[in-house]
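Student: Sharing a structure here in structure tokens format.
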Amino acid sequence: MSSDRRKPYPFDLFEPKWQAHWDAHETFRVRNPGEPGFDASRPKFYVLDMFPYPSGAGLHVGHPEGYTATDIIGRYKRMNGFNVLHPMGWDSFGLPAEQYAIKTGQHPAVTTAQNVAKFKTQLKTIGFAYDWSREIATSDPDYYRWTQWIFLKLYNSWFNPASNKAEPIETYSGENPDSVRLAYVSEAPVNWCPGLGTVLANEEVIDGKSEVGGYPVERRPMRQWMLRITAFGQRLIDELDGLTWPESIKLLQRNWIGRSEGAEVHFQLAEGDRRITVFTTRPDTLFGATYMVLAPEHKIVDEITVEDQWPAVREYRERTARKSDLERTELAKEKTGVFTGAYAINPVNGERVPIWIADYVLQGYGTGAIMAVPAHDERDLEFAQKFKLPVKPVVLAPGKSEEESIGFCDNGVAVNSPLIDGLPTPEAKSKISTWLEERGLGKRSINFKLRDWLFSRQRYWGEPFPILWEGGRHRALSESELPLTPPPLDDFKPTGTPEPPLSKAVDWVRYSETATRELNTMPQWAGSCWYYLRYCDPTNSDRFVSKAAEEYWMGGGQPGGVDLYVGGTEHAVLHLLYARFWHKVLFDLGYVSTPEPFQRLVNQGIILGEDGQKMSKSRGNVVNPDDVISQYGADAFRLYEMFMGPLEQMKPWSMTGVEGVSRFLARVWRLVMEENQAGEWVPSQALSDSTPVDKALLKVLHATIKKVGEDIESLSFNTAISQMMICTNALTGVSPRPVSAIRTLLQLLNPFAPHLTAELWETLDRRFAASPVSLVDQPWPKFNPAFLVEDEIEIVIQVNGKNRDKLVVSKDASKEEVEAAAKDSAKVQESIDGKTVRKVIVVPGKLVNIVAA
RNA sequence: GCCGACGUGGCGAAAUGGCAGACGCAACGGACUUAAAAUCCGUUUUCGCGAAAGCGGAGUGUGGGUUCGAGUCCCACCGUCGGCACCA
């Protein structure tokens with residue numbers, strides 16, 4: 001019924017028309033330095049969207065939210081004289097494509113191509129000003145060739161702590177380069193998911209089950225490729241400072257990296273000459289360390305456990321190994337552990353302390369061993385109480401006794417600690433650290449929660465590693481052999497064992513008589529770690545990006561990098577951290593010109609369903625962009641996405657809201673067009689190019705120019721649209737209607753509603769003198785402040801902060817004149833009657849507040 | 001438990017420390033129409049008084065504070081959402 005309804009303006013005719021026009025004329029193609037048509041005099045602006053994973057479901061309304069925002073910025077910057085790089089591509093490797101392929105029996109390359117075609121059609125239907133000549137796909141061999149190339153750079157580099165930089169492996173002078181490479185092989189317990197037939201990153205495991213499919217995940221040690229992101233922990237924290245990112249995202253990254261300052265302390269074993277090293281952030285509590293705890297997996301447990309305790313220790317270790325992370329943490333309300341029977345010597349007081357194992361100590365953090373200070377650590381206290389271990393207070397809480405200070409975990413004053421008694425915690429930490437360092441008993445140390453990045457997957461649909469194995473050792477494939485394409489497997493199902501599917505391609509695996517290929521593939525994050533660089537020079541077959549293109553688009557003055565990056569928060573500690581890491585390696589090795597890839601980051605908020613709930617198929621509240629566009633048009637869709645509320649805020653969808661902005665666009669349409677007797681749209685009779693714009697209209701118009709420009713700069717699109725509505729409402733009743741004012745409004749509205757404005761601009765060109773420049777290249781209108789000043793201003797008069805009267809005064813009125821006029825007011829007289837005026841505040845142009853008592 | 005963000009009409013929201021609720025939705029009234037839709041014009045935070053124009057009071061999660069003046073700044077609490085979760 002509603003679809004039969006006559007459309008308020010014929011978007012169904014002119015939207016496809018302009019999309020075809022932009023395509024045919026390559027309107028939004030931008031040239032690189034050195035190419036014909038490149039204008040070096042213009043500054044650059046690189047505005048980037050997080051490229052989508054092309055799923056079978058197509059676009060949802062969340063994608064175009066950020067994409068519309070960047071589109072507005074891009075078009076606006078172009079009108080302001082910038083060379084704008086605004087590209088789009090596909091994050092097209094990944095598990096869902098592979099799973100869908102397994103289900104349907106189609107090759108993932110086929111389904112991926114279909115999905116990409118669908119996404120591309122949808123994006124074009126919204127009228128985004130992408131430079132489609134720069135389209136890339138991470139699963140394209142011409143692209144992943146360079147992903148593999150970057151992997152080889154990581155493989156052939158190490159982190160030199162002296163220079164605090166990644167350097168070519170040749171500069172490493174140690175015995176074993178394999179121990180320091182940024183890409184290395186490690187045998188470690190990983191999340192193995194038999195259901196999916198692959199290992200998963202920690203982020204891909206939720207409540208002990210796989211995020212995709214909900215299959216159980218178990219821990220098992222496997223040989224895997226790791227990337228040494230931990231070496232960059234400090235820089236990844238420090239270099240956040242200069243970035244224009246939401247503070248909350250920076251904080252998320254800082255917390256994820258989790259830097260802790262403290263000390264390593266060596267505890268000599270009571271028997272034998274081995275020692276155990278612990279990490280602590282509270283070396284000042286060393287005198288209160290009454291026992292030690294090792295992670296059950298700690299290697300030294302084998303050596304120190306006494307005969308009698310072996311059965312209990314073995315049993316505990318096996319039980320722990322079977323537990324998922326979930327069971328080890330959330331469900332484990334009660335502390336568990338076993339005594340090894342061994343003792344160590346506390347280095348500061350020579351006391352014998354028992355050594356336990358317990359799963360509340362994690363093998364992966366610090367040294368996998370702790371000194372337990374039950375008096376000043378909640379977890380240790382709980383453990384000590386359960387197993388009747390001694391508790392000795394060594395930090396005095398302010399105003400509390402020793403006994404009362406048990407359980408106090410903040411800074412206080414050292415007590416029962418002969419070396420540092422009476423010292424406040426910070427000084428005590430420092431003094432004891434120095435004391436330990438002087439005696440070789442320990443040293444200051446910094447630890448990070450961040451773990452090295454598990455980089456291999458047992459999947460088919462991903463980048464193969466450019467690595468060969470020979471005689472039990474790995475070596476790099478030469479760069480000339482890239483891209484290394486996966487074998488054309490018909491059966492790419494997981495093997496059901498940790499053996500990757502690529503193992504089925506026997507011929508492919510065999511590289512030579514003696515060498516075989518690495519069978520793992522890279523995770524989906526690999527391709528997205530550097531795609532923003534490839535956009536700068538997407539078809540280059542000699543280099544991942546030419547130096548000139550990189551320097552222009554990513555350098556280009558200070559601070560450089562992508563000027564604006566818009567995407568969801570969900571990537572705060574994944575993609576955004578991984579990409580920063582790769583970028584720093586490339587920067588250190590001299591391949592890119594900035595240390596950071598994304599200068600300004602904005603997160604768009606999630607769009608909820610009409611019911612205020614998260615959109616999901618099961619709730620049946622999913623809004624399909626195609627439906628909205630066919631009913632209201634692309635411009636209304638774009639405008640509504642921006643009018644809903646602040647970009648960064650979570651907000652619910654509303655179809656009547658779409659109708660509202662559609663009505664607004666129809667009003668703009670009818671400023672220029674009217675229906676004739678036959679019901680056809682023709683240029684309005686009210687239009688006039690000879691009528692001057694009157695003063696009141698000029699004021700609204702210039703206020704709109706000012707506000708829309710400012711609001712676009714600050715990404716406050718919702719208020720920019722409000723202002724254009726006000727402007728349109730002001731123009732609606734006017735007849736004759738000045739064409740120049742309408743042209744200005746069309747220019748302002750163009751980045752938001754590009755089709756409608758292009759169509760009306762063309763109509764005005766036909767009806768009146770044609771503008772020499774097409775709308776997309778019109779210079780952004782300048783506002784004239786002179787039109788905004790008023791001769792007379794309304795001033796609010798308050799008495800004791802309450803509004804009592806309003807007064808119209810000349811804009812040149814002095815403070816004294818305004819004050820006198822205010823006091824003259826009858827209503828003010830009434831209010832201050834019988835009171836003494838104590839004080840008068842005059843805010844020029846705004847208000848007068850009379851304080852009387 | 002820890003960290004962070006946010007609480008404003010019936011709804012989405014707006015407000016450099018200076019007239020709270022712009023703009024839009026919904027609702028109601030009117031014009032146009034044989035009628036409806038569309039369109040146009042108006043009303044709409046709330047309470048009290050008033051036939052009405054209007055007049056007066058209250059009001060931005062709660063309670064305090066700073067200030068001539070607080071939605072905005074500070075403190076405490078309550079609630080919603082997001083992140084981390086035995087990281088020594």
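For the structure tokens, the naming scheme is as follows: chains receive sequential letters (A, B, ...) according to their order of presentation, residues are indexed from 1 within each chain, and ligands are indexed from 1 in presentation order.
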Give me the residues of chain B that have any atom at most 6 Å from an atom of chain A; for each, the nearest atom pair and the distance in Å, rounded to one decimal. Use only C-alpha atoms (C1' of nucleotides), sort by chain and number, and format it as JSON lines.

Tutor:
```
{"residue": "B:C23", "atom": "C1'", "partner": "A:Ser722", "partner_atom": "CA", "distance": 4.5}
{"residue": "B:C25", "atom": "C1'", "partner": "A:Gly657", "partner_atom": "CA", "distance": 5.7}
{"residue": "B:G69", "atom": "C1'", "partner": "A:Gly801", "partner_atom": "CA", "distance": 5.6}
{"residue": "B:C86", "atom": "C1'", "partner": "A:Tyr360", "partner_atom": "CA", "distance": 5.3}
{"residue": "B:C87", "atom": "C1'", "partner": "A:Lys449", "partner_atom": "CA", "distance": 5.8}
{"residue": "B:A88", "atom": "C1'", "partner": "A:Thr280", "partner_atom": "CA", "distance": 5.8}
```

Student: Identify, with DSSP run on backbone atoms, the residues in stretch 633-811 of chain A assigned to alpha helix (DSSP H), and express the list as JSON, numbers by chain.

Tutor: {"A": [634, 635, 636, 637, 638, 639, 640, 641, 642, 643, 655, 656, 657, 658, 659, 660, 661, 662, 663, 664, 665, 666, 667, 668, 669, 670, 671, 672, 695, 696, 697, 698, 699, 700, 701, 702, 703, 704, 705, 706, 707, 708, 709, 710, 711, 712, 713, 717, 718, 719, 720, 721, 722, 723, 724, 725, 726, 727, 728, 729, 730, 731, 732, 739, 740, 741, 742, 743, 744, 745, 746, 747, 748, 749, 754, 755, 756, 757, 758, 759, 760, 761, 762, 763, 764, 765, 766, 767]}

Student: When DSSP works through the backbone of this structure, what residues of stretch 444-577 of chain A end up as strand (DSSP E or B), shown as a list of chain:residue names?

Tutor: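 Restricting stretch 444-577 of chain A to strand (DSSP E or B) produces A:Arg444, A:Ser445, A:Ile446, A:Asn447, A:Phe448, A:Trp453, A:Leu454, A:Arg457, A:Pro464, A:Ile467, A:Leu468, A:Trp469, A:Glu470, A:Arg473, A:His474, A:Arg475, A:Ala476, A:Arg510, A:Ala515, A:Thr516, A:Arg517, A:Thr521, A:Val562, A:Leu564, A:Tyr565, A:Val566, A:Gly567.
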
Student: Excluding stretch 21-26 of chain A and any residue of its chain fewer than 5 positions from it, enumerate the residues within 9 Å of it, using only C-alpha atoms (C1' of nucleotides), and give them as a list in words.

Tutor: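 That gives Pro16, Gly127, Ala129, Asp131, Trp132 and Ser133 of chain A.
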
Student: Please produce a file of the residues just selected, as a PDB file, in the first residue's frame, where the atoms kept are C-alpha atoms.

Tutor:
```pdb
ATOM      1  CA  PRO A  16      20.242   6.086 -10.033  1.00  0.00           C
ATOM      2  CA  GLY A 127      25.745   7.231  -3.341  1.00  0.00           C
ATOM      3  CA  ALA A 129      31.846   9.152  -3.114  1.00  0.00           C
ATOM      4  CA  ASP A 131      37.251   6.222  -5.491  1.00  0.00           C
ATOM      5  CA  TRP A 132      36.345   2.758  -6.752  1.00  0.00           C
ATOM      6  CA  SER A 133      39.489   2.580  -8.836  1.00  0.00           C
TER       7      SER A 133
END
```

Student: Residues at most 9 Å from A:Trp225, counting only C-alpha atoms (C1' of nucleotides), excluding those fewer than 5 positions away in the same chain, as a list of chain:residue names?

Tutor: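 Counting only the stated atoms, we get A:Ala183, A:Tyr184, A:Val185, A:Ser186, A:Glu187, A:Trp453, A:Leu454, A:Phe455, A:Ser456, A:Arg457, A:Asn520.
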
Student: Once you have the residues from the selection above, write them out as a PDB file, in the first residue's frame, restricted to N, CA, C and O atoms.

Tutor:
```pdb
ATOM      1  N   ALA A 183      58.619 -12.465  14.235  1.00  0.00           N
ATOM      2  CA  ALA A 183      57.714 -13.592  13.976  1.00  0.00           C
ATOM      3  C   ALA A 183      58.484 -14.849  14.349  1.00  0.00           C
ATOM      4  O   ALA A 183      59.564 -15.085  13.812  1.00  0.00           O
ATOM      5  N   TYR A 184      57.947 -15.607  15.282  1.00  0.00           N
ATOM      6  CA  TYR A 184      58.703 -16.760  15.771  1.00  0.00           C
ATOM      7  C   TYR A 184      57.766 -17.926  16.052  1.00  0.00           C
ATOM      8  O   TYR A 184      56.546 -17.757  16.134  1.00  0.00           O
ATOM      9  N   VAL A 185      58.366 -19.098  16.196  1.00  0.00           N
ATOM     10  CA  VAL A 185      57.588 -20.300  16.458  1.00  0.00           C
ATOM     11  C   VAL A 185      57.665 -20.622  17.940  1.00  0.00           C
ATOM     12  O   VAL A 185      58.728 -20.527  18.543  1.00  0.00           O
ATOM     13  N   SER A 186      56.516 -20.960  18.517  1.00  0.00           N
ATOM     14  CA  SER A 186      56.508 -21.249  19.938  1.00  0.00           C
ATOM     15  C   SER A 186      55.589 -22.428  20.214  1.00  0.00           C
ATOM     16  O   SER A 186      54.583 -22.622  19.534  1.00  0.00           O
ATOM     17  N   GLU A 187      55.958 -23.197  21.199  1.00  0.00           N
ATOM     18  CA  GLU A 187      55.127 -24.319  21.626  1.00  0.00           C
ATOM     19  C   GLU A 187      54.462 -23.861  22.921  1.00  0.00           C
ATOM     20  O   GLU A 187      55.112 -23.763  23.949  1.00  0.00           O
ATOM     21  N   TRP A 453      51.266 -12.192  20.116  1.00  0.00           N
ATOM     22  CA  TRP A 453      50.078 -12.395  19.292  1.00  0.00           C
ATOM     23  C   TRP A 453      50.152 -13.766  18.602  1.00  0.00           C
ATOM     24  O   TRP A 453      51.030 -13.992  17.782  1.00  0.00           O
ATOM     25  N   LEU A 454      49.220 -14.623  18.963  1.00  0.00           N
ATOM     26  CA  LEU A 454      49.132 -15.942  18.325  1.00  0.00           C
ATOM     27  C   LEU A 454      48.643 -15.752  16.896  1.00  0.00           C
ATOM     28  O   LEU A 454      47.506 -15.345  16.666  1.00  0.00           O
ATOM     29  N   PHE A 455      49.504 -16.044  15.929  1.00  0.00           N
ATOM     30  CA  PHE A 455      49.278 -15.556  14.566  1.00  0.00           C
ATOM     31  C   PHE A 455      48.917 -16.640  13.562  1.00  0.00           C
ATOM     32  O   PHE A 455      48.681 -16.351  12.408  1.00  0.00           O
ATOM     33  N   SER A 456      48.870 -17.902  13.980  1.00  0.00           N
ATOM     34  CA  SER A 456      48.558 -18.930  12.980  1.00  0.00           C
ATOM     35  C   SER A 456      47.196 -19.562  13.224  1.00  0.00           C
ATOM     36  O   SER A 456      46.722 -19.651  14.359  1.00  0.00           O
ATOM     37  N   ARG A 457      46.563 -19.998  12.142  1.00  0.00           N
ATOM     38  CA  ARG A 457      45.256 -20.646  12.220  1.00  0.00           C
ATOM     39  C   ARG A 457      45.278 -21.896  11.356  1.00  0.00           C
ATOM     40  O   ARG A 457      45.967 -21.941  10.335  1.00  0.00           O
ATOM     41  N   ASN A 520      50.069 -23.794   8.212  1.00  0.00           N
ATOM     42  CA  ASN A 520      49.120 -22.868   8.820  1.00  0.00           C
ATOM     43  C   ASN A 520      48.841 -21.685   7.899  1.00  0.00           C
ATOM     44  O   ASN A 520      49.598 -21.420   6.964  1.00  0.00           O
TER      45      ASN A 520
END
```

Student: Can you tell me how far atom CA of A:Pro683 sits from atom CA of A:Glu15, in Å to one decimal?

Tutor: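 According to the coordinates, atom CA of A:Pro683 and atom CA of A:Glu15 are separated by 18.4 Å.
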
Student: Excluding B:G17 and any residue of its chain fewer than 5 positions from it, enumerate the residues within 9 Å of it, using only C-alpha atoms (C1' of nucleotides), and give them as a ChimeraX atom specification.

Tutor: /B:67,69-70,72-73

Student: Extract, using only C-alpha atoms (C1' of nucleotides), all DNA, RNA and protein residues at most 6 Å from stretch 753-767 of chain A, discarding same-chain residues fewer than 3 positions from it, and format them as a compact mmCIF listing (two decimals) with N, CA and C atoms, in the first residue's frame.

Tutor:
```txt
# COMPACT_ATOMS: atom_id res chain seq x y z
N GLU A 15 18.13 9.46 -8.36
CA GLU A 15 19.25 8.89 -7.59
C GLU A 15 20.08 7.92 -8.46
N ASP A 635 19.10 9.52 -0.22
CA ASP A 635 19.39 10.77 0.49
C ASP A 635 18.69 10.80 1.84
N LEU A 746 21.80 24.54 -1.38
CA LEU A 746 22.11 23.28 -2.07
C LEU A 746 23.58 22.89 -1.88
N LEU A 749 23.94 21.52 1.62
CA LEU A 749 23.25 20.23 1.79
C LEU A 749 23.89 19.13 0.94
N ASN A 750 24.68 19.54 -0.05
CA ASN A 750 25.23 18.55 -0.99
C ASN A 750 25.98 17.38 -0.34
N ALA A 770 23.72 28.85 -16.32
CA ALA A 770 24.41 27.68 -15.78
C ALA A 770 25.62 28.09 -14.98
```

Student: Would you mind telling me which residue in A:Met615, A:Ala321, A:Leu564, A:Val110 lies nearest to A:Val84 when using only C-alpha atoms?

Tutor: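 For A:Val84, the nearest of the given residues is A:Leu564.
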
Student: Can you work out which one of A:Val672, A:Ala109, A:Leu665, A:Val623 has the shortest atom-to-atom distance to A:Phe768, counting only C-alpha atoms?

Tutor: A:Val672
